[in-house]
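Containing compact mmCIF, C-alpha atoms: run-v9.txt.
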```
# COMPACT_ATOMS: atom_id res chain seq x y z
CA MET A 242 -27.91 57.96 105.70
CA LYS A 243 -25.02 57.14 103.42
CA GLU A 244 -25.84 54.37 100.99
CA THR A 245 -23.70 51.34 100.34
CA ASN A 246 -21.44 51.87 97.40
CA GLN A 247 -22.83 51.14 93.97
CA ILE A 248 -21.24 50.55 90.58
CA VAL A 249 -21.75 52.98 87.71
CA LYS A 250 -21.58 51.08 84.41
CA LYS A 251 -22.05 52.78 81.04
CA SER A 252 -21.45 51.93 77.43
CA ASN A 253 -18.38 53.75 76.13
CA ASP A 254 -20.71 55.43 73.65
CA LEU A 255 -22.22 57.26 76.65
CA ILE A 256 -18.77 58.26 77.90
CA THR A 257 -18.03 59.92 74.55
CA ALA A 258 -21.57 61.21 73.94
CA LYS A 259 -22.20 64.92 73.70
CA TYR A 260 -24.08 66.43 76.64
CA ARG A 261 -23.69 69.30 79.05
CA LEU A 262 -24.80 68.72 82.61
CA THR A 263 -24.16 70.47 85.90
CA ILE A 264 -22.33 68.60 88.63
CA ILE A 265 -25.58 68.11 90.58
CA GLN A 266 -27.25 66.70 87.47
CA GLN A 267 -24.31 64.30 87.14
CA TYR A 268 -24.76 63.25 90.80
CA VAL A 269 -28.45 62.50 90.18
CA LEU A 270 -27.70 60.64 86.94
CA HIS A 271 -24.97 58.51 88.51
CA ASN A 272 -27.16 57.73 91.51
CA VAL A 273 -29.79 56.35 89.15
CA ILE A 274 -27.32 54.48 86.92
CA SER A 275 -25.80 52.82 89.99
CA GLN A 276 -29.22 51.31 90.78
CA ILE A 277 -29.18 49.24 87.58
CA HIS A 278 -28.34 45.60 88.24
CA ILE A 279 -26.28 43.44 85.90
CA GLU A 280 -29.20 41.04 85.37
CA ASP A 281 -31.74 43.77 84.51
CA THR A 282 -33.20 43.37 81.03
CA ASP A 283 -35.48 46.40 81.22
CA PHE A 284 -35.51 49.72 83.01
CA LYS A 285 -37.51 50.15 86.20
CA LYS A 286 -38.66 53.25 87.96
CA TYR A 287 -35.67 54.31 90.04
CA GLU A 288 -36.05 56.15 93.33
CA VAL A 289 -33.61 58.91 94.16
CA ASN A 290 -33.21 59.70 97.84
CA VAL A 291 -32.35 63.40 97.85
CA ARG A 292 -30.90 63.39 101.36
CA SER A 293 -28.52 60.57 100.45
CA ILE A 294 -27.20 62.47 97.40
CA ALA A 295 -26.77 65.60 99.49
CA GLU A 296 -24.86 63.76 102.23
CA ASN A 297 -22.67 61.80 99.81
CA HIS A 298 -21.68 64.89 97.84
CA GLY A 299 -21.47 67.55 100.53
CA ILE A 300 -24.56 69.49 99.42
CA ASP A 301 -26.25 71.64 102.06
CA THR A 302 -29.10 69.43 103.27
CA LYS A 303 -31.23 72.46 104.17
CA ASN A 304 -31.75 73.35 100.50
CA ALA A 305 -30.88 69.98 98.96
CA TYR A 306 -34.37 68.95 97.91
CA ARG A 307 -34.98 72.22 96.05
CA TYR A 308 -31.58 72.08 94.26
CA ILE A 309 -31.69 68.40 93.40
CA LYS A 310 -35.35 68.43 92.29
CA LYS A 311 -34.63 71.44 90.05
CA SER A 312 -31.53 69.70 88.66
CA ALA A 313 -33.44 66.49 87.93
CA LEU A 314 -36.23 68.37 86.15
CA GLU A 315 -33.68 70.28 84.08
CA LEU A 316 -31.78 67.05 83.41
CA ASN A 317 -34.96 65.71 81.86
CA LYS A 318 -34.73 68.53 79.27
CA GLN A 319 -31.00 68.20 78.52
CA PRO A 320 -30.32 66.38 75.27
CA ILE A 321 -27.70 63.70 74.91
CA ILE A 322 -26.29 63.06 71.46
CA ILE A 323 -24.83 59.61 70.91
CA GLY A 324 -22.94 58.99 67.68
CA ASP A 325 -21.03 61.16 65.29
CA GLU A 326 -21.61 63.66 62.49
CA ILE A 327 -22.79 60.90 60.11
CA GLU A 328 -25.05 58.78 62.27
CA GLY A 329 -26.42 59.14 65.77
CA ILE A 330 -29.37 59.68 68.04
CA ALA A 331 -30.46 62.66 70.14
CA LEU A 332 -32.67 62.04 73.15
CA ASN A 333 -33.27 62.98 76.77
CA TRP A 334 -31.91 60.98 79.70
CA PHE A 335 -35.25 60.40 81.41
CA SER A 336 -38.72 59.78 80.05
CA SER A 337 -40.24 61.04 83.30
CA VAL A 338 -39.35 62.55 86.66
CA ARG A 339 -41.87 62.34 89.51
CA TYR A 340 -41.21 64.14 92.76
CA ASN A 341 -42.53 63.79 96.28
CA SER A 342 -41.40 66.60 98.55
CA ASN A 343 -42.99 65.01 101.63
CA ARG A 344 -40.76 61.93 101.27
CA GLY A 345 -37.77 63.81 99.81
CA THR A 346 -37.61 61.50 96.82
CA LEU A 347 -37.65 61.57 93.05
CA LEU A 348 -38.89 58.70 90.90
CA VAL A 349 -37.32 58.58 87.45
CA ASP A 350 -37.22 56.25 84.50
CA PHE A 351 -34.72 56.28 81.68
CA HIS A 352 -35.61 56.95 78.09
CA PRO A 353 -36.15 53.48 76.54
CA ASP A 354 -33.67 54.18 73.72
CA LEU A 355 -30.88 54.18 76.35
CA LYS A 356 -31.28 50.43 76.98
CA PRO A 357 -28.36 49.31 74.78
CA TYR A 358 -26.12 51.86 76.54
CA LEU A 359 -26.98 50.92 80.15
CA LEU A 360 -28.44 47.39 80.26
CA GLN A 361 -26.88 43.96 79.70
CA LEU A 362 -23.47 45.42 78.85
CA GLN A 363 -21.03 42.70 77.82
CA GLY A 364 -18.20 44.63 76.19
CA TYR A 365 -17.16 48.16 75.27
CA PHE A 366 -18.20 49.69 78.56
CA THR A 367 -16.68 51.62 81.45
CA GLN A 368 -17.44 51.00 85.11
CA TYR A 369 -16.35 52.47 88.41
CA GLU A 370 -17.57 52.74 91.97
CA ASN A 371 -19.95 55.62 92.59
CA LYS A 372 -17.90 56.58 95.66
CA ASN A 373 -14.98 57.42 93.35
CA ILE A 374 -16.79 60.50 92.02
CA GLN A 375 -18.14 61.80 95.31
CA GLN A 376 -15.29 64.24 95.82
CA PHE A 377 -15.62 65.89 92.40
CA LYS A 378 -16.94 69.44 92.58
CA CYS A 379 -16.46 70.26 88.88
CA VAL A 380 -18.30 68.54 86.06
CA HIS A 381 -15.17 68.62 83.88
CA SER A 382 -13.20 66.70 86.52
CA LEU A 383 -15.88 64.03 86.49
CA ARG A 384 -15.91 63.82 82.69
CA PHE A 385 -12.09 63.67 82.66
CA TYR A 386 -12.19 60.83 85.21
CA GLU A 387 -14.64 58.89 83.02
CA PHE A 388 -12.50 59.60 79.96
CA LEU A 389 -9.43 58.17 81.73
CA LYS A 390 -11.36 55.17 83.13
CA GLN A 391 -12.49 54.38 79.59
CA LYS A 392 -8.85 54.39 78.43
CA GLN A 393 -7.52 52.61 81.53
CA ASN A 394 -6.82 49.27 79.87
CA LEU A 395 -5.17 50.71 76.76
CA GLY A 396 -1.69 50.31 78.20
CA LYS A 397 -2.45 47.00 79.91
CA GLY A 398 -0.20 47.93 82.81
CA LYS A 399 2.16 50.00 80.70
CA GLU A 400 2.22 53.67 79.81
CA PHE A 401 -0.25 55.00 77.30
CA TYR A 402 -0.72 58.39 75.74
CA ILE A 403 -3.80 60.46 75.12
CA GLU A 404 -3.75 63.33 72.68
CA LEU A 405 -5.00 66.28 74.73
CA THR A 406 -6.36 68.02 71.64
CA LEU A 407 -9.04 65.29 71.55
CA PHE A 408 -9.92 65.75 75.21
CA PRO A 409 -12.07 68.94 75.03
CA LYS A 410 -14.35 67.48 72.37
CA SER A 411 -14.57 64.14 74.20
CA VAL A 412 -15.82 65.65 77.43
CA GLN A 413 -17.67 68.74 76.14
CA CYS A 414 -15.01 71.04 77.52
CA SER A 415 -14.30 74.34 75.85
CA VAL A 416 -10.88 75.07 74.36
CA PHE A 417 -10.79 78.14 76.62
CA LEU A 418 -11.14 75.91 79.66
CA MET A 419 -8.39 73.64 78.38
CA ALA A 420 -6.11 76.67 77.97
CA ASN A 421 -6.65 77.27 81.67
CA ILE A 422 -6.12 73.64 82.73
CA LYS A 423 -5.87 74.52 86.43
CA THR A 424 -9.67 74.86 86.46
CA LEU A 425 -9.88 71.07 86.18
CA ARG A 426 -9.99 70.37 89.87
CA ILE A 427 -11.40 67.92 92.35
```

In structure tokens, what does this structure look like?
Amino acid sequence: MKETNQIVKKSNDLITAKYRLTIIQQYVLHNVISQIHIEDTDFKKYEVNVRSIAENHGIDTKNAYRYIKKSALELNKQPIIIGDEIEGIALNWFSSVRYNSNRGTLLVDFHPDLKPYLLQLQGYFTQYENKNIQQFKCVHSLRFYEFLKQKQNLGKGKEFYIELTLFPKSVQCSVFLMANIKTLRI
């Protein structure tokens, strides 16, 4: 039951926002973001098909509903901080998560304050195909991928450089993890 590929499109402020999510929470979040259409002016209630996420990301389908439901409920409690030390906003990703174990679905809606970061994006955004992150098994690999996608056009076909000392802070990665860079894996 693999779904057709969808586009994940986020404001760059979301790419650099501060949040800590598990890889399964990221899978759920990206599944929902990929359901947003370019012409949408408001959020809808988005349905998450648990089996589809499990199949697309290699999660054991026997326990998938329990894991993904738990991850979505926890995701609803995880704060995201957009901005810097001077000005910003702290909020949760979703305003609600409804679950239906008989159907194997979740019904979620985004926090309304996320509209300028996910809807009607005209500039200063990053996008990629959801299938591009399916092989990631580590949340830091996914955040690194988004970090690089955000910077992709800096060189405009030429080389560009990224100061790695900025990387841990940009993707909520500990300095200890950066010291052991081999843990960034696909």

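Using all atoms listed in the file, the contacts of Ile274 (chain A) at a cut-off of 8 Å, with sequence neighbours closer than 2 positions omitted, comprise A:Val249, A:Lys250, A:Leu270, A:His271, A:Asn272, A:Gln276, A:Ile277, A:Leu359.
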
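Distances to Lys303 (chain A) were evaluated for A:His352, A:Cys379, A:Gly345, A:Lys318 using all atoms listed in the file, and the minimum falls at A:Gly345.
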
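Excluding Gln319 (chain A) itself and same-chain residues fewer than 6 positions from it, the residues having an atom within 8 Å of it are Tyr260, Arg261, Leu262, Asn333 and Trp334 of chain A, counting all atoms listed in the file.
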
Write the residues you've just listed into a file as a compact mmCIF listing (two decimals), in the coordinates of the input, and include C-alpha atoms for each of them.
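Result file part_4.txt:
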```
# COMPACT_ATOMS: atom_id res chain seq x y z
CA TYR A 260 -24.08 66.43 76.64
CA ARG A 261 -23.69 69.30 79.05
CA LEU A 262 -24.80 68.72 82.61
CA ASN A 333 -33.27 62.98 76.77
CA TRP A 334 -31.91 60.98 79.70
```

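For the atom pair formed by CA of Tyr365 (chain A) and CA of Ser252 (chain A), the distance is 6.1 Å, given to one decimal.
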
Find the residues around Asn343 (chain A) up to 12 Å (all atoms listed in the file counted), leave out those fewer than 2 positions away in its own chain, and share them as a VMD selection string. chain A and resid 290 to 291 306 340 to 341 345 to 347

Can I get the selected residues back with C-alpha atoms, as an mmCIF file, in the frame of the given file?
```cif
data_model
loop_
_atom_site.group_PDB
_atom_site.id
_atom_site.type_symbol
_atom_site.label_atom_id
_atom_site.label_comp_id
_atom_site.auth_asym_id
_atom_site.auth_seq_id
_atom_site.Cartn_x
_atom_site.Cartn_y
_atom_site.Cartn_z
ATOM 1 C CA ASN A 290 -33.210 59.700 97.840
ATOM 2 C CA VAL A 291 -32.350 63.400 97.850
ATOM 3 C CA TYR A 306 -34.370 68.950 97.910
ATOM 4 C CA TYR A 340 -41.210 64.140 92.760
ATOM 5 C CA ASN A 341 -42.530 63.790 96.280
ATOM 6 C CA GLY A 345 -37.770 63.810 99.810
ATOM 7 C CA THR A 346 -37.610 61.500 96.820
ATOM 8 C CA LEU A 347 -37.650 61.570 93.050
#
```

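For the residues A:Thr263, A:Glu326, A:Asp281, A:Asn297, ranking by smallest atom-to-atom distance to Arg384 (chain A) using only C-alpha atoms places A:Thr263 first.
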
Pull the neighbourhood of (-14.1, 55.5, 86.3) for me: all residues within 12 Å in file coordinates, counting only C-alpha atoms, as a ChimeraX atom specification. /A:248-251,253,256,271,366-375,382-394

The distance between CA of Gly299 (chain A) and CA of Arg344 (chain A) is 20.1 Å

Which neighbours of Lys259 (chain A) fall inside 7 Å, counting all atoms listed in the file, when residues of the same chain fewer than 2 positions from it are skipped, and could you give them as a PyMOL selection string? chain A and resi 257+321-323+413

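Nearest to Val289 (chain A) of all the residues A:Gln376, A:Asn304, A:Ser275, A:Gln363 is A:Ser275, counting only C-alpha atoms.
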
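Among the candidate residues A:Arg307, A:Arg339, A:His298, A:Arg292, the one lying nearest to Gln267 (chain A) is A:His298, with distances computed using all atoms listed in the file.
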
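Rounded to one decimal, CA of Gln247 (chain A) and CA of Val273 (chain A) lie 9.9 Å from each other.
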
Mind checking which residues fall within 12 Å of Tyr308 (chain A), counting only C-alpha atoms, ignoring those fewer than 2 positions away in the same chain, and posting them as a PyMOL selection string? chain A and resi 263-266+268-269+291-292+294-295+300-306+310-316+345

Would you mind exporting the chosen residues as an mmCIF file, in the coordinates of the input, restricted to C-alpha atoms?
```cif
data_model
loop_
_atom_site.group_PDB
_atom_site.id
_atom_site.type_symbol
_atom_site.label_atom_id
_atom_site.label_comp_id
_atom_site.auth_asym_id
_atom_site.auth_seq_id
_atom_site.Cartn_x
_atom_site.Cartn_y
_atom_site.Cartn_z
ATOM 1 C CA THR A 263 -24.160 70.470 85.900
ATOM 2 C CA ILE A 264 -22.330 68.600 88.630
ATOM 3 C CA ILE A 265 -25.580 68.110 90.580
ATOM 4 C CA GLN A 266 -27.250 66.700 87.470
ATOM 5 C CA TYR A 268 -24.760 63.250 90.800
ATOM 6 C CA VAL A 269 -28.450 62.500 90.180
ATOM 7 C CA VAL A 291 -32.350 63.400 97.850
ATOM 8 C CA ARG A 292 -30.900 63.390 101.360
ATOM 9 C CA ILE A 294 -27.200 62.470 97.400
ATOM 10 C CA ALA A 295 -26.770 65.600 99.490
ATOM 11 C CA ILE A 300 -24.560 69.490 99.420
ATOM 12 C CA ASP A 301 -26.250 71.640 102.060
ATOM 13 C CA THR A 302 -29.100 69.430 103.270
ATOM 14 C CA LYS A 303 -31.230 72.460 104.170
ATOM 15 C CA ASN A 304 -31.750 73.350 100.500
ATOM 16 C CA ALA A 305 -30.880 69.980 98.960
ATOM 17 C CA TYR A 306 -34.370 68.950 97.910
ATOM 18 C CA LYS A 310 -35.350 68.430 92.290
ATOM 19 C CA LYS A 311 -34.630 71.440 90.050
ATOM 20 C CA SER A 312 -31.530 69.700 88.660
ATOM 21 C CA ALA A 313 -33.440 66.490 87.930
ATOM 22 C CA LEU A 314 -36.230 68.370 86.150
ATOM 23 C CA GLU A 315 -33.680 70.280 84.080
ATOM 24 C CA LEU A 316 -31.780 67.050 83.410
ATOM 25 C CA GLY A 345 -37.770 63.810 99.810
#
```
